[in-house]
$ cat my_file_19.csv   # CSV, C-alpha atoms
chain,number,residue,atom,x,y,z
A,1,MET,CA,27.1,12.9,29.8
A,2,ARG,CA,24.8,15.2,31.5
A,3,ILE,CA,26.3,17.6,34.1
A,4,LEU,CA,23.9,19.4,36.5
A,5,LEU,CA,25.3,22.9,37.0
A,6,ILE,CA,23.8,24.2,40.2
A,7,ASN,CA,24.0,28.0,40.8
A,8,PRO,CA,22.4,28.4,44.3
A,9,ASN,CA,22.3,32.2,43.8
A,10,THR,CA,19.0,33.2,42.4
A,11,THR,CA,20.4,35.4,39.6
A,12,ALA,CA,19.8,33.6,36.3
A,13,GLU,CA,22.2,36.0,34.6
A,14,VAL,CA,25.1,34.5,36.6
A,15,THR,CA,24.1,31.0,35.5
A,16,ALA,CA,24.1,32.1,31.9
A,17,LEU,CA,27.5,33.7,32.3
A,18,MET,CA,28.9,30.4,33.6
A,19,GLU,CA,27.3,28.5,30.8
A,20,ARG,CA,29.0,30.8,28.2
A,21,VAL,CA,32.4,30.5,29.9
A,22,LEU,CA,32.2,26.7,30.3
A,23,ALA,CA,30.9,25.9,26.8
A,24,PRO,CA,34.3,25.8,25.2
A,25,HIS,CA,35.6,23.4,27.9
A,26,LEU,CA,33.0,20.7,27.4
A,27,PRO,CA,34.0,17.6,25.5
A,28,ALA,CA,31.9,16.1,22.7
A,29,GLY,CA,28.8,14.4,24.2
A,30,ALA,CA,28.8,16.5,27.4
A,31,THR,CA,25.8,18.7,28.2
A,32,LEU,CA,25.2,21.2,30.9
A,33,VAL,CA,21.9,21.1,32.7
A,34,PRO,CA,21.7,24.6,34.4
A,35,ALA,CA,19.7,25.1,37.5
A,36,THR,CA,19.4,28.4,39.3
A,37,GLY,CA,18.4,28.6,42.9
A,38,ARG,CA,14.6,28.9,43.2
A,39,PHE,CA,14.8,30.9,46.4
A,40,GLY,CA,17.3,32.8,48.5
A,41,ALA,CA,19.7,35.7,47.9
A,42,ARG,CA,20.2,37.2,44.5
A,43,TYR,CA,24.0,36.7,45.2
A,44,ILE,CA,25.4,35.0,48.3
A,45,ALA,CA,27.5,37.3,50.4
A,46,SER,CA,26.8,36.4,54.0
A,47,ARG,CA,26.5,33.4,56.3
A,48,SER,CA,22.7,33.6,56.4
A,49,ALA,CA,22.5,33.7,52.6
A,50,ALA,CA,24.9,30.8,52.3
A,51,ALA,CA,22.8,28.7,54.8
A,52,ILE,CA,19.7,29.3,52.7
A,53,ALA,CA,21.7,28.5,49.5
A,54,GLY,CA,22.6,25.1,50.8
A,55,HIS,CA,18.9,24.2,51.0
A,56,ALA,CA,18.3,25.7,47.5
A,57,ALA,CA,21.2,23.5,46.2
A,58,LEU,CA,19.7,20.4,47.6
A,59,GLU,CA,16.3,21.2,46.1
A,60,ALA,CA,17.9,21.9,42.7
A,61,TYR,CA,19.6,18.5,42.8
A,62,ALA,CA,16.3,16.8,43.8
A,63,GLU,CA,14.4,18.5,41.0
A,64,HIS,CA,16.9,18.3,38.1
A,65,GLY,CA,19.6,15.7,39.0
A,66,GLY,CA,17.7,12.4,38.4
A,67,ASP,CA,19.3,11.7,35.0
A,68,CYS,CA,22.6,13.5,35.4
A,69,ASP,CA,26.0,11.9,35.6
A,70,ALA,CA,27.6,14.5,37.8
A,71,VAL,CA,26.8,17.5,39.9
A,72,TYR,CA,28.8,20.8,39.7
A,73,LEU,CA,28.0,23.0,42.7
A,74,ALA,CA,29.0,26.3,41.0
A,75,CYS,CA,29.1,28.8,43.9
A,76,PHE,CA,32.4,29.7,45.5
A,77,GLY,CA,32.2,28.7,49.1
A,78,ASP,CA,30.2,25.5,48.1
A,79,PRO,CA,27.1,25.9,50.2
A,80,GLY,CA,25.5,22.5,50.9
A,81,LEU,CA,28.5,20.6,49.4
A,82,LEU,CA,28.8,17.8,51.9
A,83,ALA,CA,25.0,17.4,52.1
A,84,LEU,CA,24.9,17.0,48.3
A,85,LYS,CA,27.8,14.5,48.4
A,86,GLU,CA,25.8,12.5,51.0
A,87,LEU,CA,22.5,12.6,49.1
A,88,ALA,CA,23.8,12.1,45.5
A,89,ASP,CA,24.8,8.8,44.0
A,90,VAL,CA,26.9,10.5,41.3
A,91,PRO,CA,30.1,12.6,41.7
A,92,VAL,CA,29.6,16.0,43.3
A,93,ILE,CA,32.2,18.7,42.8
A,94,GLY,CA,32.3,22.1,44.5
A,95,MET,CA,33.8,25.1,42.8
A,96,ALA,CA,35.8,26.2,45.9
A,97,GLU,CA,36.8,22.7,46.7
A,98,ALA,CA,38.2,22.0,43.2
A,99,SER,CA,39.9,25.4,43.0
A,100,CYS,CA,41.8,25.0,46.2
A,101,LEU,CA,42.9,21.5,45.4
A,102,ALA,CA,44.1,22.6,42.0
A,103,ALA,CA,46.0,25.5,43.5
A,104,SER,CA,47.6,23.2,46.1
A,105,VAL,CA,49.0,21.1,43.2
A,106,LEU,CA,50.6,24.2,41.6
A,107,THR,CA,52.2,25.8,44.6
A,108,GLU,CA,53.0,25.4,48.3
A,109,ARG,CA,51.0,28.5,49.3
A,110,PHE,CA,48.0,30.0,47.4
A,111,ALA,CA,45.7,32.9,47.9
A,112,ILE,CA,42.1,33.7,47.1
A,113,VAL,CA,40.8,36.9,45.6
A,114,THR,CA,37.0,37.3,45.6
A,115,GLY,CA,34.3,39.9,45.8
A,116,GLY,CA,32.3,40.6,49.0
A,117,GLU,CA,34.1,41.4,52.3
A,118,ARG,CA,32.1,38.9,54.5
A,119,TRP,CA,33.5,36.0,52.5
A,120,ALA,CA,36.9,36.0,54.1
A,121,PRO,CA,36.2,34.3,57.4
A,122,MET,CA,33.8,31.9,55.7
A,123,LEU,CA,36.4,30.9,53.1
A,124,ARG,CA,39.1,30.5,55.7
A,125,GLU,CA,36.9,28.0,57.6
A,126,PHE,CA,36.1,26.2,54.4
A,127,VAL,CA,39.8,25.9,53.3
A,128,THR,CA,40.6,24.6,56.8
A,129,MET,CA,37.8,22.0,56.5
A,130,LEU,CA,39.5,20.8,53.3
A,131,GLY,CA,42.7,20.3,55.3
A,132,LEU,CA,44.5,23.0,53.4
A,133,GLY,CA,44.5,25.7,56.0
A,134,ASP,CA,48.3,25.8,56.3
A,135,ARG,CA,48.6,26.2,52.5
A,136,LEU,CA,46.4,29.3,52.4
A,137,ALA,CA,48.6,32.4,52.2
A,138,ALA,CA,45.7,35.0,52.3
A,139,ILE,CA,42.2,35.8,51.3
A,140,GLU,CA,41.9,39.2,49.7
A,141,THR,CA,38.4,40.6,49.2
A,142,VAL,CA,37.3,43.5,47.2
A,143,THR,CA,34.3,45.6,48.1
A,144,PRO,CA,32.1,44.9,45.0
A,145,THR,CA,30.3,41.6,45.3
A,146,GLY,CA,30.5,39.0,42.6
A,147,ALA,CA,27.2,40.2,41.3
A,148,ASP,CA,28.5,43.7,41.0
A,149,ILE,CA,31.5,42.5,39.1
A,150,ALA,CA,29.4,40.3,36.8
A,151,ARG,CA,27.3,43.3,35.8
A,152,ASP,CA,30.3,45.5,35.0
A,153,PRO,CA,33.5,43.4,34.6
A,154,ASP,CA,35.4,46.0,32.7
A,155,ASN,CA,35.5,48.4,35.6
A,156,ALA,CA,36.5,45.6,38.0
A,157,ILE,CA,39.7,44.4,36.2
A,158,ALA,CA,42.0,47.0,37.6
A,159,LEU,CA,40.7,46.4,41.1
A,160,LEU,CA,41.2,42.7,40.8
A,161,VAL,CA,44.6,43.0,39.3
A,162,GLN,CA,45.7,45.2,42.2
A,163,ALA,CA,44.3,42.7,44.8
A,164,CYS,CA,46.1,39.8,43.1
A,165,ARG,CA,49.4,41.7,43.0
A,166,MET,CA,49.0,42.7,46.6
A,167,THR,CA,48.6,39.2,47.9
A,168,ALA,CA,51.4,37.8,45.7
A,169,GLN,CA,53.9,40.5,46.9
A,170,ARG,CA,52.7,40.8,50.5
A,171,ASP,CA,51.8,37.2,51.4
A,172,GLY,CA,54.1,35.2,49.1
A,173,ALA,CA,51.3,33.4,47.3
A,174,GLY,CA,52.5,31.2,44.4
A,175,ALA,CA,49.1,31.2,42.7
A,176,VAL,CA,45.9,33.1,43.1
A,177,ILE,CA,42.4,31.7,42.8
A,178,LEU,CA,39.9,34.2,41.3
A,179,GLY,CA,36.9,33.0,43.2
A,180,GLY,CA,33.3,33.4,42.4
A,181,ALA,CA,30.6,32.6,39.8
A,182,GLY,CA,30.3,36.3,39.0
A,183,LEU,CA,34.0,36.4,38.1
A,184,ALA,CA,33.8,33.6,35.5
A,185,GLY,CA,36.2,34.1,32.7
A,186,LEU,CA,38.1,37.1,34.2
A,187,ALA,CA,41.2,35.1,35.1
A,188,ALA,CA,42.3,35.1,31.5
A,189,ARG,CA,42.2,38.9,31.4
A,190,ILE,CA,44.1,39.3,34.7
A,191,GLN,CA,46.8,36.7,34.0
A,192,PRO,CA,48.9,38.9,31.7
A,193,HIS,CA,49.4,41.4,34.5
A,194,LEU,CA,50.8,38.8,37.0
A,195,ASP,CA,53.8,36.5,37.0
A,196,ILE,CA,52.1,33.7,39.0
A,197,PRO,CA,49.2,31.5,37.9
A,198,VAL,CA,45.7,33.0,38.2
A,199,ILE,CA,43.1,30.3,38.5
A,200,CYS,CA,39.5,30.7,37.3
A,201,SER,CA,37.4,29.0,39.9
A,202,VAL,CA,34.6,28.3,37.5
A,203,GLU,CA,36.9,26.6,35.0
A,204,ALA,CA,38.9,24.7,37.7
A,205,GLY,CA,35.6,23.3,39.0
A,206,MET,CA,34.6,22.0,35.6
A,207,GLN,CA,38.0,20.4,35.0
A,208,ALA,CA,37.5,18.5,38.3
A,209,VAL,CA,34.0,17.4,37.2
A,210,LEU,CA,35.3,16.1,33.9
A,211,ALA,CA,38.1,14.2,35.8
A,212,ALA,CA,35.5,12.7,38.1
A,213,LEU,CA,33.4,11.5,35.1
A,214,ARG,CA,36.5,9.9,33.6
A,215,ASP,CA,37.3,8.1,36.8
A,216,PRO,CA,34.3,8.2,39.1
A,217,PRO,CA,34.9,8.0,42.8
A,218,GLN,CA,33.2,5.1,44.5
A,219,LYS,CA,30.1,6.1,46.6
A,220,PRO,CA,30.8,5.1,50.2
A,221,ALA,CA,28.6,2.3,51.4
A,222,THR,CA,29.0,3.3,55.0
A,223,GLY,CA,30.2,6.3,57.0
A,224,ASP,CA,29.6,10.0,56.8
A,225,LEU,CA,29.0,10.5,53.1
A,226,ALA,CA,27.0,7.3,52.5
A,227,LEU,CA,23.4,7.6,51.5
A,228,PRO,CA,21.4,8.7,54.6
A,229,ALA,CA,18.6,6.7,56.1
A,230,PRO,CA,15.1,7.8,54.9
A,231,ILE,CA,14.1,11.1,56.4
A,232,ALA,CA,10.5,12.1,57.1
A,233,SER,CA,10.1,15.8,56.5
A,234,THR,CA,7.6,18.7,56.6
A,235,GLY,CA,7.3,21.8,54.5
A,236,LEU,CA,9.9,21.0,51.8
A,237,SER,CA,9.3,20.9,48.1
A,238,ASP,CA,7.8,17.7,46.8
A,239,SER,CA,10.9,16.7,44.9
A,240,LEU,CA,13.2,17.2,47.9
A,241,ALA,CA,10.9,15.6,50.3
A,242,GLU,CA,10.6,12.5,48.1
A,243,ARG,CA,14.4,12.4,47.6
A,244,LEU,CA,15.0,12.4,51.3
A,245,ALA,CA,12.3,9.8,51.9
A,246,ARG,CA,13.8,7.5,49.3
A,247,PRO,CA,17.5,8.3,49.0
$ encode --input "my_file_19.csv" --output "structure tokens"
Amino acid sequence: MRILLINPNTTAEVTALMERVLAPHLPAGATLVPATGRFGARYIASRSAAAIAGHAALEAYAEHGGDCDAVYLACFGDPGLLALKELADVPVIGMAEASCLAASVLTERFAIVTGGERWAPMLREFVTMLGLGDRLAAIETVTPTGADIARDPDNAIALLVQACRMTAQRDGAGAVILGGAGLAGLAARIQPHLDIPVICSVEAGMQAVLAALRDPPQKPATGDLALPAPIASTGLSDSLAERLARP
């Protein structure tokens, strides 16, 4: 099994971090194919950066996804998720999508803690799109971005613990998602300080990918997420232009 791990941020160190965190969770015979965004923001923290990242994710799939059995869009907020689901003929799982669905199984109301203040409205819209808006207790953001946290995780632990405790006590969250590629692996360090589940978004996404590989969803033959009609394009990379022309 080959799993395309798309990090649409352009920071290769974040991709490497996720590879290290995910390696122990891979079953025998499973291989990660890492792909870092070729262009765009070093770390996505705004609407404009997220829009560009959706394009970068599609290009990464077109370039590297040809012989892969599943696609893991490993960026909290899932830029380009529905377009990837439309274009790919293998399962596509988004990190935020999988995390929110996992949290909704554990508790009636869950919260998200993540880095970067501009993510709050974007994530609220995303959770509503998933149909889980009434299950979202709160989104608590901390000032450092995920990239800042990835560079110096030790100094971020206390801040993240405080944010998780705050939303549990103030908002009644029954579980907290620690969201973001740059926060990979930190949930295990924060969990001992809380009495509700702390979900690592990176690990939750991989568990959903493996579940989809065990029981692949059927690709729709018609409707919104069916393969699109051929698209003539200009100015795209050769791999993406070809994929769009012959989906």
$ closest_residue --input "my_file_19.csv" --among "A:Gly77, A:Glu13, A:Leu210, A:Ala221" --to "Gly29 of chain A" --atoms "all atoms listed in the file"
A:Leu210
$ residues_around --input "my_file_19.csv" --residues "Leu22 of chain A" --least-positions-apart "3" --cutoff "12 Å" --atoms "only C-alpha atoms" --output "VMD selection string"
chain A and resid 3 5 15 to 19 25 to 27 30 to 34 72 74 181 184 to 185 200 to 207 209 to 210
$ atom_distance --input "my_file_19.csv" --atom1 "atom CA of Ile157 of chain A" --atom2 "atom CA of Glu117 of chain A"
17.3 Å
$ closest_residue --input "my_file_19.csv" --among "A:Cys100, A:Ala45, A:Val105, A:Cys75" --to "Thr141 of chain A" --atoms "all atoms listed in the file"
A:Ala45
$ residues_around --input "my_file_19.csv" --residues "Arg165 of chain A" --least-positions-apart "4" --cutoff "10 Å" --atoms "all atoms listed in the file" --output "list in words"
Leu160, Val161, Gln169, Arg170, Asp171, Ala173, Val176, His193, Leu194, Asp195 and Ile196 of chain A
$ closest_residue --input "my_file_19.csv" --among "A:Thr167, A:Asn9, A:Thr107, A:Thr36" --to "Glu63 of chain A" --atoms "all atoms listed in the file"
A:Thr36
$ closest_residue --input "my_file_19.csv" --among "A:Ile93, A:Ala62, A:Ile199, A:Ala28" --to "Ala245 of chain A" --atoms "all atoms listed in the file"
A:Ala62
$ closest_residue --input "my_file_19.csv" --among "A:Arg135, A:Gly66, A:Asp154, A:Ile6" --to "Leu101 of chain A" --atoms "all atoms listed in the file"
A:Arg135
$ closest_residue --input "my_file_19.csv" --among "A:Phe76, A:Leu87, A:Gly54, A:Lys219" --to "Arg246 of chain A" --atoms "all atoms listed in the file"
A:Leu87
$ residues_around --input "my_file_19.csv" --residues "segment 37-44 of chain A" --least-positions-apart "3" --cutoff "9 Å" --atoms "only C-alpha atoms" --output "PyMOL selection string"
chain A and resi 6-12+14+47-50+52-53+56-57+59-60+75+116+145-147+182
$ write_last_selection --input "my_file_19.csv" --atoms "C-alpha atoms" --output "compact mmCIF listing (two decimals), keeping the file's coordinate frame"
# COMPACT_ATOMS: atom_id res chain seq x y z
CA ILE A 6 23.80 24.20 40.20
CA ASN A 7 24.00 28.00 40.80
CA PRO A 8 22.40 28.40 44.30
CA ASN A 9 22.30 32.20 43.80
CA THR A 10 19.00 33.20 42.40
CA THR A 11 20.40 35.40 39.60
CA ALA A 12 19.80 33.60 36.30
CA VAL A 14 25.10 34.50 36.60
CA ARG A 47 26.50 33.40 56.30
CA SER A 48 22.70 33.60 56.40
CA ALA A 49 22.50 33.70 52.60
CA ALA A 50 24.90 30.80 52.30
CA ILE A 52 19.70 29.30 52.70
CA ALA A 53 21.70 28.50 49.50
CA ALA A 56 18.30 25.70 47.50
CA ALA A 57 21.20 23.50 46.20
CA GLU A 59 16.30 21.20 46.10
CA ALA A 60 17.90 21.90 42.70
CA CYS A 75 29.10 28.80 43.90
CA GLY A 116 32.30 40.60 49.00
CA THR A 145 30.30 41.60 45.30
CA GLY A 146 30.50 39.00 42.60
CA ALA A 147 27.20 40.20 41.30
CA GLY A 182 30.30 36.30 39.00
$ residues_around --input "my_file_19.csv" --residues "segment 224-228 of chain A" --least-positions-apart "5" --cutoff "9 Å" --atoms "only C-alpha atoms" --output "ChimeraX atom specification"
/A:82-83,85-89,219,244,247
$ atom_distance --input "my_file_19.csv" --atom1 "atom CA of Gly131 of chain A" --atom2 "atom CA of Ser104 of chain A"
10.8 Å
$ atom_distance --input "my_file_19.csv" --atom1 "atom CA of Asp78 of chain A" --atom2 "atom CA of Ala96 of chain A"
6.1 Å
$ residues_around --input "my_file_19.csv" --residues "Cys164 of chain A" --least-positions-apart "6" --cutoff "9 Å" --atoms "all atoms listed in the file" --output "short mmCIF file (atom, residue, chain, number, x, y, z; two decimals) with C-alpha atoms, in the coordinates of the input"
data_model
loop_
_atom_site.label_atom_id
_atom_site.label_comp_id
_atom_site.auth_asym_id
_atom_site.auth_seq_id
_atom_site.Cartn_x
_atom_site.Cartn_y
_atom_site.Cartn_z
CA ALA A 111 45.70 32.90 47.90
CA ILE A 112 42.10 33.70 47.10
CA VAL A 113 40.80 36.90 45.60
CA GLU A 140 41.90 39.20 49.70
CA VAL A 176 45.90 33.10 43.10
CA ILE A 177 42.40 31.70 42.80
CA LEU A 178 39.90 34.20 41.30
CA ILE A 190 44.10 39.30 34.70
CA LEU A 194 50.80 38.80 37.00
CA VAL A 198 45.70 33.00 38.20
#
